[in-house]
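Please read the structure below before turning to the comments.
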Amino acid sequence: AYVVISTFGRSLMEAFIPVIMYKSGYELHSIAFYYMLMNLISFGITYPLALLSKNYSNRILATIAIFAYIGLQFALPYLDGSSEIIVVIAVLYALYRRCYWQSRRFYSLHIVRKKQIGKAYAILSIINQLSVMGATFVGAVCLDSLDMNTLIFVSGAIMFVGLIPLYRMKLAHERNTVKLNLGKAFRLIPARDLIIFGTFEALNVVRFLFPIYIVMYVKDNYQSVGIVTVITDLAIIVFSYIFGKRLDRTNKDFLRLSTLLVVTVFAVKAFSGNPILYLISFLEGFMTKMHEIAVQRKFFELSKKYEYNNYNLAYEMALNFFRLLIATLIFVIPVDIRTAILISLAIMGISIFINYKKPRIKDFDESACIEE
């Protein structure tokens with residue numbers, strides 16, 4: 001329930017933040033500055049947040065995330081072309097993003113079992129995508145038809161309600177005495193796996209940029225972004241469960257194939273307009289979900305091999321580093337939106353040339369599973 005409620009609440013506006021900035025008078029260079037700053041802050045707070053979750057609870061992180069996101073939304077109407085408000089939004093978004101995904105990944109990990117990882121993750125993905133699809137379209141209609149403040153209030157209220165099922169959730173144990181050792185974690189986890197996870201984040205950079213592309217080259221309104229999102233999410237929902245079961249019946253990872261397909265589809269999409277854009281968006285849903293499930297399957301498999309807290313810390317650091325790298329390149333090099341997308345896809349394509357190796361997985365500790 002927490003995942004569904006929080007996903008719906010945040011998705012009402014999250015995808016539109018770069019578009020809101022663009023419509024408020026910010027050029028791509030300024031938006032790239034915001035994205036670079038946000039990822040720099042995110043990278044810097046990853047380790048302190050890992051200590052906080054270890055010594056206290058991941059519920060603390062989830063709570064901070066919700067209040068940071070509510071604060072972020074209330075700051076959006078003050079976008080006026082100045083740099084100061086961008087800094088405020090970058091700080092709040094970084095805090096929200098790191099706290100939310102670090103805590104959510106922890107709870108997801110204890111739901112997914114050693115067997116049928118692909119199927120279990122696919123089910124979680126379908127639930128998540130249904131929330132994203134509905135919320136994004138509703139958010140787009142509201143932004144085009146109503147006052148932004150109304151949507152901000154509704155989104156914030158839903159996010160706050162999401163705290164109720166979170167605090168009712170019971171775990172056998174959530175805190176531990178394992179010492180965080182980032183250096184050891186990076187030495188234990190093969191560099192190829194960290195690169196795979198890091199380059200996967202290039203896909204999120206592309207997703208951040210594409211709403212701007214749509215309002216620039218397709219149609220200048222929020223509903224165009226919402227319609228493309230709905231088409232993509234429909235394909236994702238159909239494909240998720242099918243491909244999730246397929247992964248559980250095979251030893252193949254599909255990582256190299258799915259990366260190649262995703263890079264190709266987005267490269268074509270970056271030069272598409274109506275109505276080709278909508279067809280490509282449907283194919284995008286298939287390809288991106290194939291890749292996401294393959295990568296997340298590897299994440300959950302490796303989480304059974306390594307101590308979770310140090311493993312997740314190394315994972316988060318790798319993701320943040322690659323996002324920061326791409327954002328810095330886009331900011332430093334004066335490029336247009338298409339070139340920025342192609343740079344991100346090129347970095348994502350690095351994983352095609354990595355020599356994959358399937359890990360041997362240890363038994364999963366069932367005592368950490370959710371009781372209710």
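Chain identifiers are assigned as A, B, and so on, following the order in which chains appear in the structure tokens; residues are numbered from 1 within each chain, and ligands are numbered from 1 in order of appearance.
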Write out as a count of residues only each polymer residue whose atoms come within 9 Å of A:Ile31, counting only C-alpha atoms; drop sequence neighbours fewer than 4 positions from it. 9
Extract the full set of helix (DSSP H, G or I) residues from stretch 141-303 of chain A according to DSSP on the backbone, and format it as a VMD selection string. chain A and resid 141 to 145 148 to 161 163 to 168 182 to 188 191 to 200 202 to 217 222 to 248 255 to 269 276 to 303
Name all residues at most 10 Å from A:Phe282 (count only C-alpha atoms; drop same-chain ones fewer than 6 positions away) and give them as a ChimeraX atom specification. /A:228-236
Based on the selection just made, write N, CA, C and O atoms of those residues as a PDB file, in the first residue's frame.
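Writing done, so here's result_13.pdb:
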ATOM      1  N   VAL A 228       2.103  10.514 -23.950  1.00  0.00           N
ATOM      2  CA  VAL A 228       3.274   9.681 -24.260  1.00  0.00           C
ATOM      3  C   VAL A 228       3.586   8.747 -23.089  1.00  0.00           C
ATOM      4  O   VAL A 228       3.902   7.564 -23.281  1.00  0.00           O
ATOM      5  N   THR A 229       3.461   9.268 -21.878  1.00  0.00           N
ATOM      6  CA  THR A 229       3.718   8.445 -20.685  1.00  0.00           C
ATOM      7  C   THR A 229       2.712   7.305 -20.579  1.00  0.00           C
ATOM      8  O   THR A 229       3.078   6.169 -20.264  1.00  0.00           O
ATOM      9  N   VAL A 230       1.439   7.589 -20.835  1.00  0.00           N
ATOM     10  CA  VAL A 230       0.407   6.551 -20.769  1.00  0.00           C
ATOM     11  C   VAL A 230       0.682   5.448 -21.791  1.00  0.00           C
ATOM     12  O   VAL A 230       0.581   4.248 -21.488  1.00  0.00           O
ATOM     13  N   ILE A 231       1.029   5.825 -23.020  1.00  0.00           N
ATOM     14  CA  ILE A 231       1.323   4.831 -24.060  1.00  0.00           C
ATOM     15  C   ILE A 231       2.495   3.956 -23.649  1.00  0.00           C
ATOM     16  O   ILE A 231       2.461   2.724 -23.765  1.00  0.00           O
ATOM     17  N   THR A 232       3.550   4.584 -23.146  1.00  0.00           N
ATOM     18  CA  THR A 232       4.735   3.833 -22.714  1.00  0.00           C
ATOM     19  C   THR A 232       4.407   2.905 -21.549  1.00  0.00           C
ATOM     20  O   THR A 232       4.806   1.735 -21.524  1.00  0.00           O
ATOM     21  N   ASP A 233       3.645   3.418 -20.583  1.00  0.00           N
ATOM     22  CA  ASP A 233       3.316   2.614 -19.403  1.00  0.00           C
ATOM     23  C   ASP A 233       2.405   1.444 -19.731  1.00  0.00           C
ATOM     24  O   ASP A 233       2.500   0.376 -19.111  1.00  0.00           O
ATOM     25  N   LEU A 234       1.500   1.612 -20.695  1.00  0.00           N
ATOM     26  CA  LEU A 234       0.652   0.492 -21.115  1.00  0.00           C
ATOM     27  C   LEU A 234       1.506  -0.651 -21.658  1.00  0.00           C
ATOM     28  O   LEU A 234       1.280  -1.830 -21.338  1.00  0.00           O
ATOM     29  N   ALA A 235       2.484  -0.295 -22.479  1.00  0.00           N
ATOM     30  CA  ALA A 235       3.389  -1.318 -23.014  1.00  0.00           C
ATOM     31  C   ALA A 235       4.200  -1.964 -21.905  1.00  0.00           C
ATOM     32  O   ALA A 235       4.436  -3.175 -21.904  1.00  0.00           O
ATOM     33  N   ILE A 236       4.618  -1.163 -20.940  1.00  0.00           N
ATOM     34  CA  ILE A 236       5.394  -1.683 -19.814  1.00  0.00           C
ATOM     35  C   ILE A 236       4.584  -2.690 -19.012  1.00  0.00           C
ATOM     36  O   ILE A 236       5.072  -3.761 -18.637  1.00  0.00           O
TER      37      ILE A 236
END
Excluding A:Thr339 and its own-chain neighbours fewer than 6 positions away, which residues fall within 12 Å of it when counting only C-alpha atoms? Please give them as a ChimeraX atom specification. /A:28,206,209-210,213,267,270-271,326,329-331,333,345-346
Pick out the closest residue to A:Leu40 from this set: A:Phe353, A:Phe321, A:Tyr306, A:Tyr96. Count only C-alpha atoms. A:Phe321
Which one of A:Leu260, A:Ile280, A:Leu313, A:Val205 sits closest to A:Ala32 if you count only C-alpha atoms?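 Closest to A:Ala32, using only C-alpha atoms: A:Val205.
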What are the closest atom pairs, with distances in Å to one decimal, for each residue of stretch 270-319 of chain A lying within 8 Å of stretch 190-194 of chain A, using only C-alpha atoms, rows by chain and rising residue number, as JSON lines?
{"residue": "A:Ala314", "atom": "CA", "partner": "A:Leu194", "partner_atom": "CA", "distance": 7.9}
{"residue": "A:Tyr315", "atom": "CA", "partner": "A:Leu194", "partner_atom": "CA", "distance": 6.7}
{"residue": "A:Ala318", "atom": "CA", "partner": "A:Leu194", "partner_atom": "CA", "distance": 6.0}
Selection: 12 Å around A:Val263, only C-alpha atoms, excl. self and same-chain fewer than 3 positions, as a PyMOL selection string: chain A and resi 199-200+202-203+206+256-260+266-270+283-284+287-288+291+341-352
May I have the residues within 9 Å of A:Val91 as a list in words, using only C-alpha atoms and disregarding those fewer than 6 positions away in the same chain? Leu37, Met38, Ile41, Ser42, Ala68 and Leu72 of chain A
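Remark: for A:Val3, the closest of the candidate residues A:Val262, A:Ile196, A:Met317, A:Met159 is A:Met159 (distances computed over only C-alpha atoms).
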Neighbours of A:Ala65 within 8 Å (only C-alpha atoms; same-chain residues fewer than 5 positions away dropped), as a ChimeraX atom specification? /A:95-100
Smallest atom-to-atom distance to A:Lys289: which of A:Ile195, A:Leu324, A:Met148, A:Ile126, using only C-alpha atoms?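 Closest to A:Lys289, using only C-alpha atoms: A:Ile126.
For the atom pair formed by atom CA of A:Glu307 and atom CA of A:Ala185, the distance is 8.8 Å, given to one decimal.
With only C-alpha atoms as the atoms that count, the residue of A:Phe322, A:Tyr278, A:Phe197, A:Phe239 with the shortest distance to A:Val295 is A:Phe197.
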Can you measure atom CA of A:Gly25 to atom CA of A:Leu79 for me? One decimal in Å is fine.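 Atom CA of A:Leu79 lies at a distance of 8.6 Å from atom CA of A:Gly25.
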